Structures are given as C-alpha cells and as structure tokens.
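Engineer: Just coords29.cif, nothing more (mmCIF, C-alpha atoms):
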data_model
#
loop_
_atom_site.label_atom_id
_atom_site.label_comp_id
_atom_site.auth_asym_id
_atom_site.auth_seq_id
_atom_site.Cartn_x
_atom_site.Cartn_y
_atom_site.Cartn_z
CA MET A 1 28.36 -15.92 23.72
CA ALA A 2 26.44 -13.20 21.87
CA GLY A 3 28.50 -10.28 20.58
CA LYS A 4 28.16 -6.81 22.03
CA VAL A 5 25.39 -4.56 20.70
CA THR A 6 25.66 -0.78 21.08
CA LEU A 7 23.38 2.11 20.27
CA GLU A 8 25.97 3.33 17.78
CA ASP A 9 25.64 0.00 15.93
CA LEU A 10 21.91 0.64 15.67
CA VAL A 11 21.94 4.26 14.51
CA ASN A 12 25.02 4.19 12.28
CA ILE A 13 23.22 3.65 8.98
CA ASP A 14 23.12 5.51 5.66
CA TYR A 15 20.38 8.10 6.17
CA ARG A 16 20.66 9.35 2.63
CA TRP A 17 19.64 5.85 1.52
CA VAL A 18 16.88 5.77 4.16
CA GLU A 19 15.52 9.10 2.93
CA ASP A 20 15.45 7.83 -0.64
CA TYR A 21 13.91 4.46 0.32
CA LEU A 22 11.11 5.93 2.44
CA GLY A 23 10.57 8.82 0.06
CA LYS A 24 9.95 6.46 -2.85
CA PHE A 25 7.51 4.49 -0.70
CA VAL A 26 5.55 7.64 0.15
CA GLU A 27 5.49 8.75 -3.48
CA GLU A 28 4.52 5.33 -4.89
CA GLU A 29 1.75 4.77 -2.36
CA LEU A 30 0.16 8.09 -3.21
CA ARG A 31 0.41 7.49 -6.94
CA GLY A 32 -0.94 3.95 -6.64
CA SER A 33 -3.91 5.09 -4.54
CA GLY A 34 -5.04 7.68 -7.05
CA ARG A 35 -5.53 10.15 -4.19
CA LYS A 36 -4.54 13.79 -4.35
CA GLY A 37 -2.30 14.15 -1.31
CA TYR A 38 -1.59 13.38 2.33
CA VAL A 39 -2.96 14.75 5.58
CA ILE A 40 -0.77 14.36 8.65
CA GLY A 41 -1.26 15.03 12.34
CA LEU A 42 1.56 17.35 13.37
CA SER A 43 2.30 17.43 17.10
CA GLY A 44 5.66 19.20 17.14
CA GLY A 45 7.38 15.97 18.22
CA VAL A 46 10.18 14.19 16.41
CA ASP A 47 8.13 11.50 14.62
CA SER A 48 5.46 13.69 13.06
CA SER A 49 7.97 16.44 12.24
CA THR A 50 10.30 13.98 10.52
CA MET A 51 7.42 12.46 8.57
CA LEU A 52 6.23 15.89 7.46
CA ALA A 53 9.68 16.86 6.21
CA LEU A 54 10.04 13.55 4.38
CA ALA A 55 6.59 13.86 2.79
CA VAL A 56 7.32 17.36 1.51
CA ARG A 57 10.56 16.17 -0.08
CA SER A 58 8.77 13.17 -1.60
CA VAL A 59 5.52 14.52 -3.03
CA GLY A 60 5.84 18.30 -2.72
CA GLU A 61 4.49 20.85 -0.26
CA GLU A 62 1.33 21.43 -2.30
CA ARG A 63 0.17 17.84 -1.72
CA VAL A 64 0.58 17.79 2.06
CA LEU A 65 -1.76 19.22 4.69
CA ALA A 66 -0.81 19.33 8.39
CA LEU A 67 -3.36 19.29 11.19
CA VAL A 68 -2.22 20.64 14.55
CA MET A 69 -4.74 19.32 17.08
CA PRO A 70 -3.98 20.52 20.60
CA ASP A 71 -6.07 20.22 23.72
CA PRO A 72 -4.94 23.23 25.77
CA GLU A 73 -5.66 21.27 28.96
CA VAL A 74 -2.78 18.89 28.22
CA THR A 75 -0.80 20.17 25.22
CA PRO A 76 2.16 22.43 26.02
CA ARG A 77 2.11 25.68 24.08
CA THR A 78 5.72 25.05 22.99
CA ASP A 79 4.63 21.92 21.09
CA VAL A 80 2.01 23.90 19.19
CA GLU A 81 4.55 26.62 18.43
CA ASP A 82 7.09 24.06 17.18
CA ALA A 83 4.46 22.44 14.94
CA ILE A 84 3.31 25.73 13.41
CA SER A 85 6.87 26.95 12.98
CA LEU A 86 7.86 23.81 11.10
CA ALA A 87 4.78 23.92 8.87
CA LYS A 88 5.62 27.52 7.97
CA THR A 89 9.29 26.70 7.38
CA LEU A 90 8.33 23.88 5.01
CA ASN A 91 5.66 26.08 3.38
CA VAL A 92 2.97 23.48 4.13
CA ARG A 93 -0.71 24.30 4.52
CA TYR A 94 -1.84 23.74 8.08
CA HIS A 95 -4.94 24.06 10.22
CA VAL A 96 -5.04 24.33 14.01
CA VAL A 97 -8.03 22.48 15.46
CA ASN A 98 -8.64 22.85 19.19
CA ILE A 99 -10.03 19.46 20.25
CA ALA A 100 -10.95 20.54 23.80
CA PRO A 101 -14.64 21.26 22.95
CA ILE A 102 -14.92 17.81 21.34
CA VAL A 103 -13.39 16.14 24.40
CA ASP A 104 -15.80 18.11 26.62
CA ALA A 105 -18.75 16.97 24.50
CA TYR A 106 -17.75 13.34 24.99
CA ARG A 107 -17.27 13.86 28.72
CA GLY A 108 -20.69 15.40 29.01
CA ALA A 109 -22.35 12.63 27.04
CA LEU A 110 -20.74 9.61 28.74
CA PRO A 111 -22.78 8.31 31.70
CA ILE A 112 -19.78 6.41 33.10
CA TYR A 113 -17.32 9.35 33.02
CA GLU A 114 -16.16 10.26 36.54
CA SER A 115 -13.22 12.68 36.51
CA GLU A 116 -9.94 13.55 34.79
CA GLU A 117 -8.06 11.69 37.54
CA ARG A 118 -10.13 8.48 37.50
CA ASP A 119 -10.47 8.33 33.71
CA VAL A 120 -6.99 9.50 32.76
CA VAL A 121 -6.11 6.60 30.40
CA PRO A 122 -9.46 6.17 28.58
CA LEU A 123 -9.75 9.95 28.29
CA GLY A 124 -6.21 10.18 26.93
CA ASN A 125 -6.93 7.49 24.36
CA LEU A 126 -10.14 9.31 23.48
CA ARG A 127 -8.06 12.36 22.57
CA ALA A 128 -5.98 10.22 20.21
CA ARG A 129 -9.11 8.74 18.63
CA ILE A 130 -10.68 12.18 18.20
CA ARG A 131 -7.58 13.25 16.32
CA MET A 132 -7.88 10.19 14.08
CA THR A 133 -11.47 11.06 13.18
CA LEU A 134 -10.46 14.61 12.29
CA LEU A 135 -7.65 13.37 10.05
CA TYR A 136 -10.06 11.09 8.21
CA TYR A 137 -12.64 13.87 7.92
CA TYR A 138 -10.08 15.97 6.06
CA ALA A 139 -8.86 12.94 4.09
CA ASN A 140 -12.41 12.13 2.94
CA LYS A 141 -13.20 15.73 2.11
CA LEU A 142 -9.99 16.36 0.14
CA ASP A 143 -9.52 12.86 -1.33
CA TYR A 144 -6.27 12.44 0.61
CA LEU A 145 -4.59 9.59 2.48
CA VAL A 146 -3.80 9.75 6.20
CA LEU A 147 -0.05 9.66 6.66
CA GLY A 148 0.99 7.82 9.82
CA THR A 149 3.84 8.96 12.04
CA GLY A 150 4.47 5.97 14.34
CA ASP A 151 7.99 4.55 14.57
CA ARG A 152 9.07 0.92 14.91
CA SER A 153 9.86 1.16 18.62
CA GLU A 154 6.37 2.37 19.53
CA ILE A 155 4.64 -0.09 17.21
CA LEU A 156 6.57 -3.08 18.56
CA ILE A 157 5.88 -2.30 22.22
CA GLY A 158 2.31 -1.19 21.51
CA TYR A 159 2.90 2.37 22.66
CA TYR A 160 0.14 3.93 20.63
CA THR A 161 -3.63 4.09 20.71
CA LYS A 162 -5.46 1.39 18.80
CA TYR A 163 -7.69 3.14 16.23
CA GLY A 164 -6.14 6.42 17.39
CA ASP A 165 -2.66 7.34 16.18
CA GLY A 166 -2.54 3.72 14.99
CA GLY A 167 -5.43 4.42 12.60
CA VAL A 168 -3.65 5.50 9.40
CA ASP A 169 -3.34 4.56 5.74
CA ILE A 170 0.43 4.18 5.53
CA ALA A 171 3.19 4.21 8.18
CA PRO A 172 6.59 4.81 6.56
CA LEU A 173 8.50 5.26 9.85
CA ALA A 174 7.36 1.82 11.04
CA VAL A 175 10.70 0.42 9.81
CA LEU A 176 12.84 2.74 11.94
CA TYR A 177 13.52 2.61 15.67
CA LYS A 178 13.05 5.83 17.63
CA SER A 179 16.81 6.34 17.88
CA GLN A 180 17.07 6.09 14.10
CA VAL A 181 14.20 8.51 13.56
CA ARG A 182 16.05 11.11 15.64
CA ARG A 183 19.12 10.73 13.42
CA LEU A 184 16.97 10.92 10.29
CA ALA A 185 15.40 14.13 11.64
CA LEU A 186 18.85 15.70 11.97
CA HIS A 187 19.79 14.45 8.51
CA LEU A 188 16.69 16.15 7.09
CA GLY A 189 17.70 19.42 8.74
CA LEU A 190 15.15 19.59 11.56
CA PRO A 191 16.21 21.70 14.53
CA GLU A 192 17.68 19.88 17.53
CA ARG A 193 14.91 21.15 19.79
CA ILE A 194 12.55 18.93 17.77
CA ALA A 195 14.88 16.06 16.84
CA LEU A 196 16.00 15.55 20.44
CA LYS A 197 12.77 16.52 22.21
CA PRO A 198 11.63 13.97 24.82
CA SER A 199 8.86 11.91 23.26
CA SER A 200 5.30 12.17 24.53
CA PRO A 201 1.81 11.55 23.15
CA ARG A 202 0.58 14.42 25.44
CA LEU A 203 -2.62 12.54 26.21
CA TRP A 204 -2.81 13.93 29.76
CA ARG A 205 -1.09 16.58 31.87
CA GLY A 206 2.62 15.98 32.28
CA HIS A 207 2.48 12.92 30.02
CA GLU A 208 5.97 11.80 29.02
CA ALA A 209 6.65 8.54 27.21
CA GLU A 210 9.74 7.31 29.04
CA LYS A 211 8.29 8.20 32.42
CA GLU A 212 5.18 6.16 31.67
CA LEU A 213 7.10 3.25 30.14
CA GLY A 214 9.67 3.10 32.92
CA VAL A 215 12.47 2.52 30.38
CA SER A 216 14.36 4.70 27.94
CA TYR A 217 13.89 4.45 24.18
CA GLU A 218 17.59 3.66 23.86
CA GLN A 219 17.01 0.57 26.01
CA VAL A 220 13.85 -0.35 24.12
CA ASP A 221 15.69 -0.10 20.81
CA LEU A 222 18.70 -2.16 21.94
CA VAL A 223 16.50 -4.93 23.32
CA LEU A 224 14.20 -5.13 20.29
CA HIS A 225 17.09 -4.94 17.83
CA SER A 226 18.94 -7.72 19.64
CA LYS A 227 15.90 -9.99 19.87
CA LEU A 228 14.11 -9.38 16.57
CA ASP A 229 16.88 -8.41 14.16
CA LEU A 230 19.91 -10.29 15.52
CA GLY A 231 18.03 -13.28 16.91
CA TYR A 232 19.57 -13.20 20.38
CA ALA A 233 17.96 -15.30 23.08
CA GLU A 234 16.32 -13.30 25.86
CA GLU A 235 18.93 -14.42 28.40
CA GLU A 236 21.78 -13.24 26.13
CA ILE A 237 20.52 -9.68 25.76
CA PRO A 238 21.55 -8.17 29.13
CA GLU A 239 25.22 -9.08 28.68
CA ALA A 240 25.23 -8.12 25.00
CA THR A 241 23.62 -4.71 25.48
CA GLY A 242 24.28 -3.72 29.09
CA VAL A 243 20.54 -3.33 29.59
CA PRO A 244 19.49 -4.71 33.01
CA GLU A 245 17.73 -8.06 32.98
CA ALA A 246 14.55 -6.62 34.52
CA VAL A 247 14.35 -4.00 31.77
CA VAL A 248 14.86 -6.64 29.07
CA ARG A 249 11.98 -8.65 30.52
CA ARG A 250 9.78 -5.55 30.66
CA VAL A 251 10.44 -4.56 27.05
CA LEU A 252 9.82 -8.06 25.71
CA GLU A 253 6.67 -8.39 27.79
CA MET A 254 5.35 -5.14 26.27
CA TYR A 255 6.18 -6.59 22.85
CA ARG A 256 4.29 -9.81 23.53
CA ARG A 257 1.27 -8.21 25.22
CA SER A 258 0.75 -5.71 22.38
CA GLU A 259 0.59 -8.26 19.57
CA HIS A 260 -3.18 -7.73 19.27
CA LYS A 261 -2.51 -4.18 18.08
CA ARG A 262 -0.35 -5.37 15.20
CA VAL A 263 -2.33 -8.33 13.85
CA GLY A 264 -5.51 -6.44 12.97
CA VAL A 265 -9.07 -7.63 13.53
CA LYS A 266 -9.30 -11.36 14.16
CA THR A 267 -12.11 -13.31 12.51
CA PRO A 268 -13.12 -16.98 12.51
CA GLU A 269 -12.08 -19.23 9.65
CA VAL A 270 -14.46 -18.63 6.75
CA LYS A 271 -14.13 -22.11 5.19
CA PRO A 272 -16.61 -23.88 7.52
CA VAL A 273 -19.27 -21.31 6.64
CA VAL A 274 -18.52 -21.63 2.92
CA ASP A 275 -18.71 -25.42 3.22
CA LEU A 276 -22.10 -25.09 4.88
CA LEU A 277 -23.36 -22.92 2.03
CA VAL A 278 -21.98 -25.26 -0.62
CA ARG A 279 -23.51 -28.36 1.03
CA ARG A 280 -26.88 -26.63 1.18
CA LYS A 281 -26.60 -25.72 -2.50
CA LYS A 282 -25.85 -29.33 -3.46
CA ALA A 283 -28.59 -30.83 -1.27
#
What is this file in structure tokens?
Structural biologist:
Amino acid sequence: MAGKVTLEDLVNIDYRWVEDYLGKFVEEELRGSGRKGYVIGLSGGVDSSTMLALAVRSVGEERVLALVMPDPEVTPRTDVEDAISLAKTLNVRYHVVNIAPIVDAYRGALPIYESEERDVVPLGNLRARIRMTLLYYYANKLDYLVLGTGDRSEILIGYYTKYGDGGVDIAPLAVLYKSQVRRLALHLGLPERIALKPSSPRLWRGHEAEKELGVSYEQVDLVLHSKLDLGYAEEEIPEATGVPEAVVRRVLEMYRRSEHKRVGVKTPEVKPVVDLLVRRKKA
C-alpha cells in the first residue's frame, strides 16, 4: 500500500536553497544569452510577482522591466494596483499598457467574431497572445529576454495559453508546484494579499482558475506529485492523498490531454527526405 502524501510533505522544502538555485539559473541564462535584461508580464498574481522578486534579486532591478497589461473589461483594478505597488516597492521600471484597444481592433477585424459570450474562450486566449506579442516587442526593442511566470502545476495540466503566456524564453518557476510558489513568495517577503491571492489568468469577467478547473490547486499538486514524482499508480492516489477518485481522474486526464502544449511543434522525420536528396545526388 502506498504511503500517505500530505500537502505539508510537498511544501516543506528549503526555500533558501530554492531561491539560490532558481536565482543562479536566471542569472546564468541571461549571461549566456548575451542579452541586456529581462522583460516580464506582471499581473499582480502570485506567480508573476514571485518571479519579479526573484529576478530582481538575481540580476538587479536595473536589468528588469515589468509590463502591466490590463484589459479594463476583465482585469480587476486591485490586480493592477498590486502589480504597480510591487514594481514600485522593488524599484523596477514598469509600463502600463491597456490592451483593450488592441482586443477591440481584433474583434472588429474578425469576420467570425460573434459576441463576448459566444467567443469567451478564444477571446480570452487572444488577450493572452496579445500580451505575448507586446512582451516580445519590448524584448526585441531593448535586446531583452522574455521571462516566463508559469508554475509546474499549470504547465503539467495545460492551464495556460499556447503561444500566449506559454510563449517565453525561460520559465524558472516550471519546477515548482503552485503550493510551493506561494511559500516561496512568502519567503521572498511578498505580502500575503499577493502570495495567497486566488489564482486567475483574468481572461474574461469573473475568471478564476479553480472555479474553471473544478479542482483546487492543492488537489492538483498532491495528485501530480504522487503520480509523477513518487511513481504511485493512479488507483493508489486517492487513498494516499485523500483526494477523491473522480478528482484524481480529472487531474490526470488534464495532464494527458495537454501533452501537445509541452512537446513543442511536431514535425515529420527528416531522414527520409535527406535520403531522397542523397540518392538523387548519387544517381
């Protein structure tokens, strides 16, 4: 029988070591790239706020630029205020870019657009992809890298927009579950209102992650940790974690169905084409 797995087992790690490990990664990637700094999308949520604080400690405030990119139709004012407040506290340069006019331009140009209600998911993903293009505009202009903010939980269940918030140069938090990121945020001195804020991509009105997923991040983390890190069989996880069987199945199904987001662009095998070229050359 599989041993018990608790959330405390998952989050009880040395965050001083984690800070040093991820900080060195951020610093070495920038140095190796030859670029001048990082640009990061700052939403006011726990992931982007934690990544900003870590980046500042790693490479210095002068080499980090934060973009706050709200759409007032869907972005709560408190998120914008939290993002700006943190950027000021960390003495980081920041720009606020209202993406609503860009979203409106797309809506007006798309012949298949119907309404906010009927197009809620594609329109929400469009907002994420607009933000990605703005980050890369600044990165190209300033000779920076785009610093990703996604955590391991969201990456493993595919809870991000392909070529949106998933379109980055490096993703340091990809090795930490959401529960661990919250603890790292507190370790780095972020206020509890940010570290413990309910997660949400804010891609449409009232958008909250756990409400959309139908499971809590604590459950997601326990299931993924048990399956991927400890090697438990799917049928062992409910008893080991206390997570209901239906939730375990849902989390693992999200993991399996989102594999396409993690493997990158698939291409055919190149060898048959090379062989064709070589045979023609020898003929």
Engineer: For a test of reading the model, state the distance in Å between CA of Ala55 (chain A) and CA of Gly37 (chain A), rounded to one decimal.
Structural biologist: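 A separation of 9.8 Å between them.
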Engineer: Could you list, as a ChimeraX atom specification, every residue matched by the PyMOL selection byres ((chain A and resi 7-12) around 6) in this structure?
Structural biologist: /A:6,13,180
Engineer: Using only C-alpha atoms, find the one residue out of A:Val120, A:Val59, A:Leu110, A:Ala83 that sits nearest to Leu30 (chain A).
Structural biologist: A:Val59
Engineer: Smallest atom-to-atom distance to Gly231 (chain A): which of A:Pro101, A:Gly166, A:Gly3, A:Phe25, using all atoms listed in the file?
Structural biologist: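 Smallest separation from Gly231 (chain A) among the options: A:Gly3.
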Engineer: With all atoms listed in the file as the counted atoms, please give the residues lying no more than 12 Å from Ile102 (chain A), apart from itself and same-chain residues fewer than 3 positions off, as an MDAnalysis selection string.
Structural biologist: chainID A and resid 69:71 97:99 105:109 123 126:131 133:134
Engineer: I'd like to see the residues matched by the PyMOL selection byres ((chain A and resi 215) around 12) on this file, and ideally I'd get them as a list of chain:residue names.
Structural biologist: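 Given this file, the PyMOL selection byres ((chain A and resi 215) around 12) evaluates to A:Ile157, A:Glu208, A:Ala209, A:Glu210, A:Lys211, A:Glu212, A:Leu213, A:Gly214, A:Ser216, A:Tyr217, A:Glu218, A:Gln219, A:Val220, A:Asp221, A:Leu222, A:Val223, A:Val243, A:Pro244, A:Ala246, A:Val247, A:Val248, A:Arg249, A:Arg250, A:Val251, A:Leu252, A:Met254.
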Engineer: The PyMOL selection byres ((chain A and resi 191) around 12) on the file shown: which residues, as a ChimeraX atom specification?
Structural biologist: /A:44-46,49-50,53,82-83,85-86,89,182-190,192-197
Engineer: Measuring between all atoms listed in the file, which one of A:Leu277, A:Tyr21, A:Arg63, A:Glu73 shows the shortest distance to Ala100 (chain A)?
Structural biologist: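 Under the stated criterion, the closest residue is A:Glu73.
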Engineer: One decimal, Å: what's the distance from CA of Tyr160 (chain A) over to CA of Arg262 (chain A), could you say?
Structural biologist: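 Separation between CA of Tyr160 (chain A) and CA of Arg262 (chain A): 10.8 Å.
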Engineer: Here's a test: counting all atoms listed in the file, identify every protein, DNA and RNA residue with an atom at most 9 Å from (9.1, 13.7, 0.3) in the file's coordinate frame, and state them as an mmCIF file with C-alpha atoms, in the coordinates of the input.
Structural biologist:
data_model
loop_
_atom_site.group_PDB
_atom_site.id
_atom_site.type_symbol
_atom_site.label_atom_id
_atom_site.label_comp_id
_atom_site.auth_asym_id
_atom_site.auth_seq_id
_atom_site.Cartn_x
_atom_site.Cartn_y
_atom_site.Cartn_z
ATOM 1 C CA GLU A 19 15.520 9.100 2.930
ATOM 2 C CA ASP A 20 15.450 7.830 -0.640
ATOM 3 C CA LEU A 22 11.110 5.930 2.440
ATOM 4 C CA GLY A 23 10.570 8.820 0.060
ATOM 5 C CA LYS A 24 9.950 6.460 -2.850
ATOM 6 C CA VAL A 26 5.550 7.640 0.150
ATOM 7 C CA GLU A 27 5.490 8.750 -3.480
ATOM 8 C CA MET A 51 7.420 12.460 8.570
ATOM 9 C CA LEU A 52 6.230 15.890 7.460
ATOM 10 C CA ALA A 53 9.680 16.860 6.210
ATOM 11 C CA LEU A 54 10.040 13.550 4.380
ATOM 12 C CA ALA A 55 6.590 13.860 2.790
ATOM 13 C CA VAL A 56 7.320 17.360 1.510
ATOM 14 C CA ARG A 57 10.560 16.170 -0.080
ATOM 15 C CA SER A 58 8.770 13.170 -1.600
ATOM 16 C CA VAL A 59 5.520 14.520 -3.030
ATOM 17 C CA GLY A 60 5.840 18.300 -2.720
ATOM 18 C CA GLU A 61 4.490 20.850 -0.260
#
Engineer: Excluding same-chain residues fewer than 6 positions from Glu62 (chain A), what lies within 12 Å of it counting only C-alpha atoms, as a PDB file with C-alpha atoms, keeping the file's coordinate frame?
Structural biologist:
ATOM      1  CA  LYS A  36      -4.540  13.790  -4.350  1.00  0.00           C
ATOM      2  CA  GLY A  37      -2.300  14.150  -1.310  1.00  0.00           C
ATOM      3  CA  TYR A  38      -1.590  13.380   2.330  1.00  0.00           C
ATOM      4  CA  VAL A  39      -2.960  14.750   5.580  1.00  0.00           C
ATOM      5  CA  ALA A  55       6.590  13.860   2.790  1.00  0.00           C
ATOM      6  CA  VAL A  56       7.320  17.360   1.510  1.00  0.00           C
ATOM      7  CA  ALA A  87       4.780  23.920   8.870  1.00  0.00           C
ATOM      8  CA  LEU A  90       8.330  23.880   5.010  1.00  0.00           C
ATOM      9  CA  ASN A  91       5.660  26.080   3.380  1.00  0.00           C
ATOM     10  CA  VAL A  92       2.970  23.480   4.130  1.00  0.00           C
ATOM     11  CA  ARG A  93      -0.710  24.300   4.520  1.00  0.00           C
ATOM     12  CA  TYR A  94      -1.840  23.740   8.080  1.00  0.00           C
TER      13      TYR A  94
END
Engineer: Would you compute the distance between CA of His95 (chain A) and CA of Ala66 (chain A)? Give it in Å to one decimal.
Structural biologist: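 CA of Ala66 (chain A) lies at a distance of 6.5 Å from CA of His95 (chain A).
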Engineer: Do you know which residues are at most 10 Å from Leu145 (chain A) counting only C-alpha atoms, after dropping those on the same chain fewer than 5 positions away, and could you put them as a list in words?
Structural biologist: Glu29, Leu30, Ser33, Gly34, Arg35, Lys36, Gly37, Tyr38, Val39, Ile40, Val64, Leu135, Tyr136, Tyr138, Ala139, Asn140, Val168, Asp169 and Ile170 of chain A
Engineer: In terms of the shortest atom-to-atom distance over all atoms listed in the file, which of A:Val80, A:Val74, A:Leu276, A:Val5 is closest to Lys227 (chain A)?
Structural biologist: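 Closest residue, counting all atoms listed in the file: A:Val5.
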Engineer: Pick from A:Leu156, A:Leu142, A:Val68, A:Ile237: nearest to Glu259 (chain A), with all atoms listed in the file counted?
Structural biologist: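 Checking each of A:Leu156, A:Leu142, A:Val68, A:Ile237 against Glu259 (chain A), counting all atoms listed in the file, the winner is A:Leu156.
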Engineer: Using all atoms listed in the file for the distances, tell me which of A:Asp47, A:Asp119, A:Asp14, A:Glu114 is nearest to Ser199 (chain A).
Structural biologist: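 Closest to Ser199 (chain A) of all the choices is A:Asp47.
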Engineer: Give me region 268-283 of chain A with N, CA and C atoms filled in, as a short mmCIF file (atom, residue, chain, number, x, y, z; two decimals), in the frame of the given file.
Structural biologist:
data_model
loop_
_atom_site.label_atom_id
_atom_site.label_comp_id
_atom_site.auth_asym_id
_atom_site.auth_seq_id
_atom_site.Cartn_x
_atom_site.Cartn_y
_atom_site.Cartn_z
N PRO A 268 -13.15 -15.51 12.61
CA PRO A 268 -13.12 -16.98 12.51
C PRO A 268 -12.73 -17.41 11.10
N GLU A 269 -12.35 -18.67 10.98
CA GLU A 269 -12.08 -19.23 9.65
C GLU A 269 -13.37 -19.20 8.82
N VAL A 270 -13.28 -18.76 7.58
CA VAL A 270 -14.46 -18.63 6.75
C VAL A 270 -14.84 -19.96 6.08
N LYS A 271 -13.88 -20.88 5.95
CA LYS A 271 -14.13 -22.11 5.19
C LYS A 271 -15.30 -22.93 5.72
N PRO A 272 -15.45 -23.11 7.05
CA PRO A 272 -16.61 -23.88 7.52
C PRO A 272 -17.95 -23.28 7.10
N VAL A 273 -18.03 -21.96 7.07
CA VAL A 273 -19.27 -21.31 6.64
C VAL A 273 -19.49 -21.51 5.15
N VAL A 274 -18.41 -21.39 4.37
CA VAL A 274 -18.52 -21.63 2.92
C VAL A 274 -18.94 -23.07 2.66
N ASP A 275 -18.34 -24.01 3.40
CA ASP A 275 -18.71 -25.42 3.22
C ASP A 275 -20.19 -25.64 3.51
N LEU A 276 -20.69 -24.98 4.53
CA LEU A 276 -22.10 -25.09 4.88
C LEU A 276 -22.98 -24.59 3.74
N LEU A 277 -22.59 -23.47 3.15
CA LEU A 277 -23.36 -22.92 2.03
C LEU A 277 -23.34 -23.84 0.82
N VAL A 278 -22.14 -24.38 0.55
CA VAL A 278 -21.98 -25.26 -0.62
C VAL A 278 -22.80 -26.55 -0.45
N ARG A 279 -22.74 -27.13 0.77
CA ARG A 279 -23.51 -28.36 1.03
C ARG A 279 -25.00 -28.11 0.87
N ARG A 280 -25.46 -26.96 1.32
CA ARG A 280 -26.88 -26.63 1.18
C ARG A 280 -27.27 -26.49 -0.29
N LYS A 281 -26.34 -25.91 -1.07
CA LYS A 281 -26.60 -25.72 -2.50
C LYS A 281 -26.71 -27.06 -3.21
N LYS A 282 -25.88 -28.03 -2.79
CA LYS A 282 -25.85 -29.33 -3.46
C LYS A 282 -26.99 -30.24 -2.99
N ALA A 283 -27.54 -29.94 -1.82
CA ALA A 283 -28.59 -30.83 -1.27
C ALA A 283 -29.87 -30.79 -2.10
#
